[in-house]
Every structure is written in C-alpha cells, then in structure tokens.
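Colleague: Before we start, here is the structure in question, set down as structure tokens.
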Amino acid sequence: GSSYFRKISAMNRQLGFVGLLSGSPSVCSTVGSSNCTSRHRTWFQCQEPRRVFAKNATPQLFMLAASPGNGAETHHVQHRIATVHRKTNETEVSVTVNLDGTGKCNVSTGIGFLDHMLHQISSHGLIDLDVKAVGDYHIDDHHTNEDVGITIGMAIVKALGDKRGIRRFGHFVAPLDEALVEVVMDFSGRPWIEYGLVIPTEKVGKFDTQLVREFYSAIASNAQLTLHIRQHNGINSHHIIEAS
C-alpha cells in the first residue's frame, strides 16, 4: 500500500515523455539484473550500484571515432554521462547528458520554444542537460531542431552503454490543463515512432509546430527506442506539446 502511494506521488510531478525519464520505488523489469531492490532514481536508473558497468568495475573513459554520414561526431562516455559533438553543413550541436543528475539545465539552441521544452525534460526527468547549438536560422529552424534531437538521442544511447539494469519499458499519461497525452516507450534497439499529436495551430510563438514530430522522430531514431505518443484530449497547442 505505502509503496503504491509513493509511486503515485512521484508520478504526479512528472510530465509525459519527460515523466518516463524519472522513476519510482516499484517492482522492476530490468535488463541483465538479478538485484531489483534499489530505488529507481531515474527511468534509466540501474538497479545496482554498478549502474552500466559491472559492480566494482574501474571507471572507464573512451572515445569513438567519427562515424560516417553527413556529419562528424565525437563521443565521450563515462558511466552514465555522455557528451556528443556533431557538426554538419547546416548546424553545430554539442550535448552533454547526465542520466543520474538532479535536473540542472543549460541550453541554448537559438530556438526559444525548443529551449523551453528541453528545460521541461531536464527538470521533470531529473537529468542534467547541457545543449549548445547554432544553425542556419536564416532558412528556418528545421535543421537545428532536428539536429538537436539527433544529438540528444545519440548522447542518451551512449550514456546507457550496454543498458544493463535499466527498466526497458516506460508508460505515462500526463494531464496539462485540458490536454491529456499518453507516452509509451521501449529501449528495444529497434527505432520506431507512432506520433498521434493533433496540434491545432501552425505556430507556438515563432515555433513551427510541425517540428515537434521531427524532434521526437530524431530522438527515437538515434536513441534506438520505440516511441508511441497518443493525444487523448487538448485544444491548446502549447499545452499539448508540453504534456507530451
């Protein structure tokens, strides 16, 4: 009984997609863990003190060579903190994510509404997030928005390492005033997105609302997760996006 109410209390302060980045005391479904007694501090939180690495393992720091594609990336990973720097002809993005953080956020993408949403992810997900981006804003915000999503996704999957001990599945339904959005995800290694938001306006401030899907698609593809987003209710565009 008390465990159930502690779980509900923890969930009540979380929102949609970012709510799945936080956890609660519960019986868990983990990957590669035989000890399920620890409290999940974040949705990505490992059950055991070893986190991603084996128990009592020596901390490791390694760099991956630039990967092929239209941008060069360098990766630094230590435990569940990862930094990815990505540069293309259109944008340059640097992301550092700490999955075991406290909600510290320092973001500057050049897109005000995107910065606002990233603050929500960091605050409610209890992850530390540092994002710096510059892009071809003279064209529009599309490339910068998408490349920020790509780079965050890459940083998440690198921070997770071999995924040992995490709760692979996550599910949350979030209300924000009249808006109600359901988000389900699976760190399956098989990228997929089912996007069901119906946003009634083309803009929120200066932000093109079509870019919401592009951001989530970039996250799903590069974090290698299956992501389902369903809108049950909502008439205010800002509320709908923030509830997701």
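Quick note on naming: the chains in the structure tokens go A, B, ... in the order shown, residues restart at 1 in each chain, and ligands are numbered from 1 in order of appearance.
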Using only C-alpha atoms, what table do you get, as JSON lines, when you list each residue of segment 108-185 of chain A with an atom no more than 7 Å from segment 220-244 of chain A, its nearest pair of atoms, and their distance in Å rounded to one decimal, rows by chain then rising number?
Modeller:
```
{"residue": "A:Met117", "atom": "CA", "partner": "A:Glu242", "partner_atom": "CA", "distance": 6.8}
{"residue": "A:Ile150", "atom": "CA", "partner": "A:Asn222", "partner_atom": "CA", "distance": 5.8}
{"residue": "A:Gly153", "atom": "CA", "partner": "A:Ala223", "partner_atom": "CA", "distance": 4.2}
{"residue": "A:Met154", "atom": "CA", "partner": "A:Asn222", "partner_atom": "CA", "distance": 5.2}
{"residue": "A:Ile156", "atom": "CA", "partner": "A:Ala223", "partner_atom": "CA", "distance": 6.0}
{"residue": "A:Val157", "atom": "CA", "partner": "A:Ala223", "partner_atom": "CA", "distance": 4.9}
{"residue": "A:Ala174", "atom": "CA", "partner": "A:Ala243", "partner_atom": "CA", "distance": 5.8}
{"residue": "A:Pro175", "atom": "CA", "partner": "A:Ala243", "partner_atom": "CA", "distance": 6.3}
{"residue": "A:Leu176", "atom": "CA", "partner": "A:Ala243", "partner_atom": "CA", "distance": 5.6}
{"residue": "A:Glu178", "atom": "CA", "partner": "A:Gly234", "partner_atom": "CA", "distance": 5.3}
{"residue": "A:Ala179", "atom": "CA", "partner": "A:Gly234", "partner_atom": "CA", "distance": 3.7}
{"residue": "A:Leu180", "atom": "CA", "partner": "A:Asn233", "partner_atom": "CA", "distance": 4.9}
{"residue": "A:Val181", "atom": "CA", "partner": "A:Gln231", "partner_atom": "CA", "distance": 4.4}
{"residue": "A:Glu182", "atom": "CA", "partner": "A:Arg230", "partner_atom": "CA", "distance": 5.0}
{"residue": "A:Val183", "atom": "CA", "partner": "A:Ile229", "partner_atom": "CA", "distance": 4.6}
{"residue": "A:Val184", "atom": "CA", "partner": "A:His228", "partner_atom": "CA", "distance": 5.1}
{"residue": "A:Met185", "atom": "CA", "partner": "A:Leu227", "partner_atom": "CA", "distance": 4.6}
```
Colleague: Check the smallest atom-to-atom distance from each of A:Thr109, A:Asn145, A:Ser122, A:Thr83 to Val212 of chain A using only C-alpha atoms, then report the winner.
Modeller: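 Smallest distance to Val212 of chain A is found for A:Asn145.
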